[in-house]
Amino acid sequence: MAPFPVLLLVMAAAALFCRYAGYIAMRYLPKSPRIEAALRATPVSVMAGIAAIAVVQGGVTDAVALAAAVGLTFLLGNDVAAALLAVALAAGLRYLTGGGA
Amino acid sequence: MHAPFTMDGLRRGARAGLPLGGAIFVYGLAFGLVAVQTQLSLAQALATSAAVYSGSAQLAAANLIQSGQAALVTLFVTVLLMNARYIMFGAALHPWLSQASPPRAWASLLLLGDANWLFVMRAIEKGEQDRAFLVGTGLPMFAGWMLGTGLGVLSGQILPDPHTLAADLMLPAFAASMMAGMLRHRAALLPAILGAGVAVAVFELAGTGWAIIAAGLAGAFAAAAIWRPVGPGAR
């Protein structure tokens, strides 16, 4: 196996490529409101995706906690407070159910 | 002229990123522990965390190195595949971030992670103008990651269980609540439903990284398909 500095360089190069490739590619894409609408839609899809995966992986307690995150956001109008309360709820539920999902 | 890039924006970003910094600290501990098992020194583990700065990619790479099968091409491709979602993250940030001066924009991208990409995209939607917000959100997360890595290597075994602390749910909880906030706009409904459905389907087949990419692409294509040049008819 190559010495560590070489391994580090290779890992860093791959990571940097991913960080910059999409950003640079956008320079060569023509500016269009349709593309901007597409880009603006990615975060909400990714958020929904991350939450959905957590529910599928985590089971009932996680689903309850994430549903609480959604409900509390509508109730409190503050997404940060809602998320933190949901995490606290999840920790509490896991403690009560013996750490199981 | 370039868009604003101020200390105030940095501070606001740092405040937003602080809760995630705590959760990422716990994951840093986990990587530190794996690094010890991979026979990395403290300096090597810290260098990896600083240069790669991606939990999923580093754990996969550490696995390869530990198995002794880290051919350079394999290592490169592994990190590339684990981090492919960052290509999408960078593209989505371009319209906003490219209005900062290039050195600042490029430096900002070094502090990009899953969580603060979501934070910044949410802030942009709310009208954030200060481009230093991105660096601000990244600082507590990066600090948590480095501190966690270091302590994980030094402790070597004392590891709080991320599951008991529900640290593993920090990102999903923020994702869920930020999504709820965005659902006030009806245009977000279709991308959200598609994103959830596609992510679950792809997750079963190919894991989290690809599920996130697929969700983002599904939302992007849907938004592009339903986009109309004239403003929304329904008001």
# chains A, B, ... in the order shown; residues from 1 in each chain; ligands from 1
$ interface_residues --of "chain A" --to "chain B" --cutoff "6 Å" --atoms "only C-alpha atoms" --output "PyMOL selection string"
chain A and resi 10-12+14-15+18-19+21-23+26+34+38-39+41-42+44-53+66+69-70+73+79+83+91+99
$ residues_around --residues "Asp130 (chain B)" --least-positions-apart "5" --cutoff "10 Å" --atoms "only C-alpha atoms" --output "ChimeraX atom specification"
/B:3-10,12-13,96-97,100,123-124
$ select_by_dssp --residues "region 33-148 of chain B" --states "helix (DSSP H, G or I)" --output "ChimeraX atom specification"
/B:33-37,42-52,55-67,72-82,85-97,102-110,114-125,132-148
$ decode --residues "region 16-42 of chain A" --atoms "N, CA, C and O atoms" --output "PDB file, in the first residue's frame"
ATOM      1  N   LEU A  16     -12.171  17.101  -3.102  1.00  0.00           N
ATOM      2  CA  LEU A  16     -12.180  18.446  -3.691  1.00  0.00           C
ATOM      3  C   LEU A  16     -12.888  18.449  -5.034  1.00  0.00           C
ATOM      4  O   LEU A  16     -13.631  19.381  -5.358  1.00  0.00           O
ATOM      5  N   PHE A  17     -12.671  17.403  -5.819  1.00  0.00           N
ATOM      6  CA  PHE A  17     -13.345  17.318  -7.117  1.00  0.00           C
ATOM      7  C   PHE A  17     -14.859  17.424  -6.918  1.00  0.00           C
ATOM      8  O   PHE A  17     -15.539  18.183  -7.597  1.00  0.00           O
ATOM      9  N   CYS A  18     -15.379  16.655  -5.953  1.00  0.00           N
ATOM     10  CA  CYS A  18     -16.832  16.672  -5.711  1.00  0.00           C
ATOM     11  C   CYS A  18     -17.300  18.034  -5.231  1.00  0.00           C
ATOM     12  O   CYS A  18     -18.375  18.505  -5.600  1.00  0.00           O
ATOM     13  N   ARG A  19     -16.484  18.684  -4.377  1.00  0.00           N
ATOM     14  CA  ARG A  19     -16.872  20.001  -3.870  1.00  0.00           C
ATOM     15  C   ARG A  19     -16.986  21.031  -4.979  1.00  0.00           C
ATOM     16  O   ARG A  19     -17.835  21.912  -4.933  1.00  0.00           O
ATOM     17  N   TYR A  20     -16.102  20.942  -5.969  1.00  0.00           N
ATOM     18  CA  TYR A  20     -16.024  22.020  -6.949  1.00  0.00           C
ATOM     19  C   TYR A  20     -16.647  21.705  -8.307  1.00  0.00           C
ATOM     20  O   TYR A  20     -16.979  22.619  -9.057  1.00  0.00           O
ATOM     21  N   ALA A  21     -16.790  20.424  -8.655  1.00  0.00           N
ATOM     22  CA  ALA A  21     -17.209  20.070 -10.021  1.00  0.00           C
ATOM     23  C   ALA A  21     -18.563  20.661 -10.393  1.00  0.00           C
ATOM     24  O   ALA A  21     -18.716  21.278 -11.458  1.00  0.00           O
ATOM     25  N   GLY A  22     -19.554  20.511  -9.510  1.00  0.00           N
ATOM     26  CA  GLY A  22     -20.891  21.008  -9.826  1.00  0.00           C
ATOM     27  C   GLY A  22     -20.916  22.516  -9.904  1.00  0.00           C
ATOM     28  O   GLY A  22     -21.559  23.109 -10.781  1.00  0.00           O
ATOM     29  N   TYR A  23     -20.175  23.144  -8.977  1.00  0.00           N
ATOM     30  CA  TYR A  23     -20.119  24.606  -8.930  1.00  0.00           C
ATOM     31  C   TYR A  23     -19.502  25.152 -10.218  1.00  0.00           C
ATOM     32  O   TYR A  23     -20.027  26.088 -10.830  1.00  0.00           O
ATOM     33  N   ILE A  24     -18.415  24.531 -10.663  1.00  0.00           N
ATOM     34  CA  ILE A  24     -17.733  24.999 -11.876  1.00  0.00           C
ATOM     35  C   ILE A  24     -18.583  24.719 -13.111  1.00  0.00           C
ATOM     36  O   ILE A  24     -18.707  25.558 -14.003  1.00  0.00           O
ATOM     37  N   ALA A  25     -19.213  23.546 -13.142  1.00  0.00           N
ATOM     38  CA  ALA A  25     -20.020  23.173 -14.311  1.00  0.00           C
ATOM     39  C   ALA A  25     -21.126  24.194 -14.566  1.00  0.00           C
ATOM     40  O   ALA A  25     -21.481  24.469 -15.715  1.00  0.00           O
ATOM     41  N   MET A  26     -21.647  24.763 -13.472  1.00  0.00           N
ATOM     42  CA  MET A  26     -22.743  25.726 -13.617  1.00  0.00           C
ATOM     43  C   MET A  26     -22.341  26.958 -14.410  1.00  0.00           C
ATOM     44  O   MET A  26     -23.180  27.630 -14.995  1.00  0.00           O
ATOM     45  N   ARG A  27     -21.049  27.276 -14.407  1.00  0.00           N
ATOM     46  CA  ARG A  27     -20.577  28.429 -15.175  1.00  0.00           C
ATOM     47  C   ARG A  27     -20.836  28.251 -16.663  1.00  0.00           C
ATOM     48  O   ARG A  27     -21.015  29.211 -17.391  1.00  0.00           O
ATOM     49  N   TYR A  28     -20.788  26.990 -17.100  1.00  0.00           N
ATOM     50  CA  TYR A  28     -20.890  26.721 -18.535  1.00  0.00           C
ATOM     51  C   TYR A  28     -22.309  26.404 -18.961  1.00  0.00           C
ATOM     52  O   TYR A  28     -22.574  26.205 -20.137  1.00  0.00           O
ATOM     53  N   LEU A  29     -23.207  26.348 -17.971  1.00  0.00           N
ATOM     54  CA  LEU A  29     -24.609  26.112 -18.312  1.00  0.00           C
ATOM     55  C   LEU A  29     -25.253  27.464 -18.598  1.00  0.00           C
ATOM     56  O   LEU A  29     -25.048  28.405 -17.848  1.00  0.00           O
ATOM     57  N   PRO A  30     -26.034  27.565 -19.659  1.00  0.00           N
ATOM     58  CA  PRO A  30     -26.686  28.850 -19.916  1.00  0.00           C
ATOM     59  C   PRO A  30     -27.621  29.197 -18.762  1.00  0.00           C
ATOM     60  O   PRO A  30     -28.259  28.318 -18.193  1.00  0.00           O
ATOM     61  N   LYS A  31     -27.666  30.484 -18.410  1.00  0.00           N
ATOM     62  CA  LYS A  31     -28.582  30.907 -17.335  1.00  0.00           C
ATOM     63  C   LYS A  31     -30.005  30.783 -17.829  1.00  0.00           C
ATOM     64  O   LYS A  31     -30.355  31.308 -18.879  1.00  0.00           O
ATOM     65  N   SER A  32     -30.828  30.050 -17.097  1.00  0.00           N
ATOM     66  CA  SER A  32     -32.222  29.924 -17.504  1.00  0.00           C
ATOM     67  C   SER A  32     -33.086  29.829 -16.266  1.00  0.00           C
ATOM     68  O   SER A  32     -32.710  29.181 -15.286  1.00  0.00           O
ATOM     69  N   PRO A  33     -34.228  30.481 -16.270  1.00  0.00           N
ATOM     70  CA  PRO A  33     -35.112  30.423 -15.098  1.00  0.00           C
ATOM     71  C   PRO A  33     -35.601  29.010 -14.814  1.00  0.00           C
ATOM     72  O   PRO A  33     -35.863  28.651 -13.667  1.00  0.00           O
ATOM     73  N   ARG A  34     -35.667  28.179 -15.877  1.00  0.00           N
ATOM     74  CA  ARG A  34     -36.106  26.800 -15.667  1.00  0.00           C
ATOM     75  C   ARG A  34     -35.066  26.029 -14.849  1.00  0.00           C
ATOM     76  O   ARG A  34     -35.408  25.291 -13.923  1.00  0.00           O
ATOM     77  N   ILE A  35     -33.785  26.226 -15.188  1.00  0.00           N
ATOM     78  CA  ILE A  35     -32.721  25.551 -14.448  1.00  0.00           C
ATOM     79  C   ILE A  35     -32.671  26.078 -13.012  1.00  0.00           C
ATOM     80  O   ILE A  35     -32.492  25.312 -12.060  1.00  0.00           O
ATOM     81  N   GLU A  36     -32.874  27.390 -12.849  1.00  0.00           N
ATOM     82  CA  GLU A  36     -32.865  27.941 -11.492  1.00  0.00           C
ATOM     83  C   GLU A  36     -34.014  27.376 -10.658  1.00  0.00           C
ATOM     84  O   GLU A  36     -33.849  27.105  -9.470  1.00  0.00           O
ATOM     85  N   ALA A  37     -35.165  27.191 -11.296  1.00  0.00           N
ATOM     86  CA  ALA A  37     -36.304  26.593 -10.578  1.00  0.00           C
ATOM     87  C   ALA A  37     -35.958  25.165 -10.167  1.00  0.00           C
ATOM     88  O   ALA A  37     -36.287  24.723  -9.062  1.00  0.00           O
ATOM     89  N   ALA A  38     -35.270  24.449 -11.065  1.00  0.00           N
ATOM     90  CA  ALA A  38     -34.870  23.068 -10.759  1.00  0.00           C
ATOM     91  C   ALA A  38     -33.917  23.049  -9.571  1.00  0.00           C
ATOM     92  O   ALA A  38     -34.076  22.249  -8.637  1.00  0.00           O
ATOM     93  N   LEU A  39     -32.930  23.950  -9.577  1.00  0.00           N
ATOM     94  CA  LEU A  39     -31.951  23.976  -8.486  1.00  0.00           C
ATOM     95  C   LEU A  39     -32.609  24.365  -7.167  1.00  0.00           C
ATOM     96  O   LEU A  39     -32.273  23.828  -6.115  1.00  0.00           O
ATOM     97  N   ARG A  40     -33.570  25.286  -7.244  1.00  0.00           N
ATOM     98  CA  ARG A  40     -34.244  25.720  -6.020  1.00  0.00           C
ATOM     99  C   ARG A  40     -35.075  24.592  -5.413  1.00  0.00           C
ATOM    100  O   ARG A  40     -35.327  24.591  -4.208  1.00  0.00           O
ATOM    101  N   ALA A  41     -35.493  23.653  -6.240  1.00  0.00           N
ATOM    102  CA  ALA A  41     -36.340  22.561  -5.741  1.00  0.00           C
ATOM    103  C   ALA A  41     -35.523  21.449  -5.088  1.00  0.00           C
ATOM    104  O   ALA A  41     -36.083  20.614  -4.367  1.00  0.00           O
ATOM    105  N   THR A  42     -34.201  21.404  -5.336  1.00  0.00           N
ATOM    106  CA  THR A  42     -33.413  20.272  -4.808  1.00  0.00           C
ATOM    107  C   THR A  42     -33.415  20.198  -3.282  1.00  0.00           C
ATOM    108  O   THR A  42     -33.567  19.106  -2.740  1.00  0.00           O
TER     109      THR A  42
END
